[in-house]
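Presented below is the structure to which this report refers.
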Amino acid sequence: MTAVQSDAAALLGVYSRVGPLFVAGEGAELIAEDGTRYLDFVAGIAVNALGYNHPVIRQAILRALDTGLVHTSNLYRTEPGEHLAAELVARAFNSHGQAFFCNSGAEANEGAFKFARKWSGKTEIVAFSGSFHGRLFASLAATDRPDYRRPFEPLLAGVQIVPLGDRAAAARAVTGATAAVIIEPLQGEGGVRLVEPEFLAFLRELCDERGAALIFDEVQCGLGRTGTLFACEQAGVTPDVLTLAKPLAGGLPMGAVLVSDRVAAALAPGDHATTFGGGPLVATVALEVLRTIADPDFLAEVRAKGAWLGERLARLAAQAPRVRVVRGRGLMWGIELAEPAAPVIAAARERRLLVLTAGPNVIRIVPPLTIGRDDLERGVAVLAEALA
Ligand code: PLP
């Protein structure tokens, strides 16, 4: 065996990593090894909702470590996971539901599909154009990225992707054989695309009529990102299954599948499991993250900052001929360009602002929810320069 050229070469080449080597973080900034500070509008891809080095997360980790319990497995009861489950289902289903914990967004959606199949007794899944639900065999089948899917086919069979917002197409696709309809109430990876509340309500009715489970994937748009704890609250539509991950445990890996009572009733011991899910360390941190984000004052501040950011981006769009449209809600925004977004993202990085793509032509902005207005202002000014 020959020695690898550098340590980085030992990482499997499935990512194209760019830019500096980061060694620390503080607030809304990442700090490179030479001390350069980067304003971070990426937040670990919508994960670091409380930014870097937040005292709530620090203290929760230290408190959890003090117990000596990082992990016990799913064989035994521990308190933090039980508290977290109760608080999540209280907020999502008015306490008429249950939670299953896993370790990522894709895993949460894979679990959601299994639960929907068991509850409905059916097998097929309907998803929408622009969707992203993960990279495993079922979640990838429901993801509208043929380039991601093709090398790994055959994926899960019986998955249809229909045009987002097209009621007639949805009504044709959802049949008596459909186990689940899955949708992001605000699409992330697919270009930061808003979904009409009326479309979500239409899907709710359709699922009820045909006996399918309605799954809302709030892995990216959930937990305060759009200015309410769950994005679906703004549409006034409650799903049967709600999946969460990204920001849930403040940067530690954790996913959750929240199910209504009627779906929960179909599940029994042995139906699903994961060794690490909902362990005491991650659950202790998640509980504190949840309580911080769910604070009405915190959410009101996200909405206010989001409204301000939306206005500033609209103004920027009006002055930048390369920008086609801006769209978003809360602190989740997309700037669609008439050309590829990657060069603008590189130009922003040279000016020490981190932003990312959402599809080839869209610049995505998902800063920490704790970001200050001065930092937002600074970032928008850099973006204007990068677009010029
Ligand atoms: N669902 C949505 C809406 C996402 O944005 C993502 C990741 O970007 C996933 C699922 C997959 O999550 P993970 O990367 O944790 O598997």
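Residues in the structure tokens are named by chain (A, B, ... in the order shown) and by number from 1 within that chain; ligands are numbered from 1 in the order shown.
If one restricts the calculation to only C-alpha atoms and all ligand atoms, the set of residues situated within 8 Å of ligand 1 consists of Ile45, Asn103, Ser104, Gly105, Ala106, Glu107, Ala108, Asn109, Ser131, Phe132, His133, Gly134, Arg135, Leu136, Ser139, Glu184, Gln187, Gly188, Glu189, Asp217, Glu218, Val219, Gln220, Cys221, Ala245, Lys246, Pro253 and Gly255 of chain A.
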Item to check | Members of region 155-380 of chain A assigned helix (DSSP H, G or I) by DSSP, as a count of residues only | outcome: 86
Checklist entry - Contacts of Ala235 (chain A) at 12 Å or less, counting only C-alpha atoms, minus same-chain residues fewer than 4 places along, as a ChimeraX atom specification? => result /A:185-186,194-204,216,226,228,230-231,239
Checklist entry - Per DSSP on the backbone, what are the strand (DSSP E or B) residues of region 218-387 of chain A, as a PyMOL selection string? => result chain A and resi 241-244+249-250+252+255-260+323-329+332-337+353-354+356-357+362-365
Closest contacts (region 218-304 of chain A/region 348-371 of chain A, max 8 Å, only C-alpha atoms) as CSV:
```
residue,atom,partner,partner_atom,distance
A:Gly224,CA,A:Leu369,CA,7.7
A:Arg225,CA,A:Leu369,CA,6.9
A:Val302,CA,A:Leu369,CA,6.3
```
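The interatomic distance for the pair CA of Ala138 (chain A) and CA of Glu233 (chain A) works out to 26.6 Å.
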Next on the checklist: Can you pull out the residues contacting Val241 (chain A)? Cut-off 6 Å, using only C-alpha atoms, and skip same-chain residues under 4 positions away; I want them as a VMD selection string.
Outcome noted: chain A and resid 215 258 to 259
Please, could you write that set of residues out with N, CA and C atoms as a compact mmCIF listing (two decimals), in the first residue's frame?
```
# COMPACT_ATOMS: atom_id res chain seq x y z
N ILE A 215 -46.31 13.45 4.56
CA ILE A 215 -45.04 13.66 5.25
C ILE A 215 -44.52 15.05 4.91
N LEU A 258 -41.40 12.60 13.68
CA LEU A 258 -42.54 12.81 14.57
C LEU A 258 -43.78 12.27 13.86
N VAL A 259 -44.54 11.44 14.54
CA VAL A 259 -45.73 10.86 13.91
C VAL A 259 -46.96 11.14 14.75
```
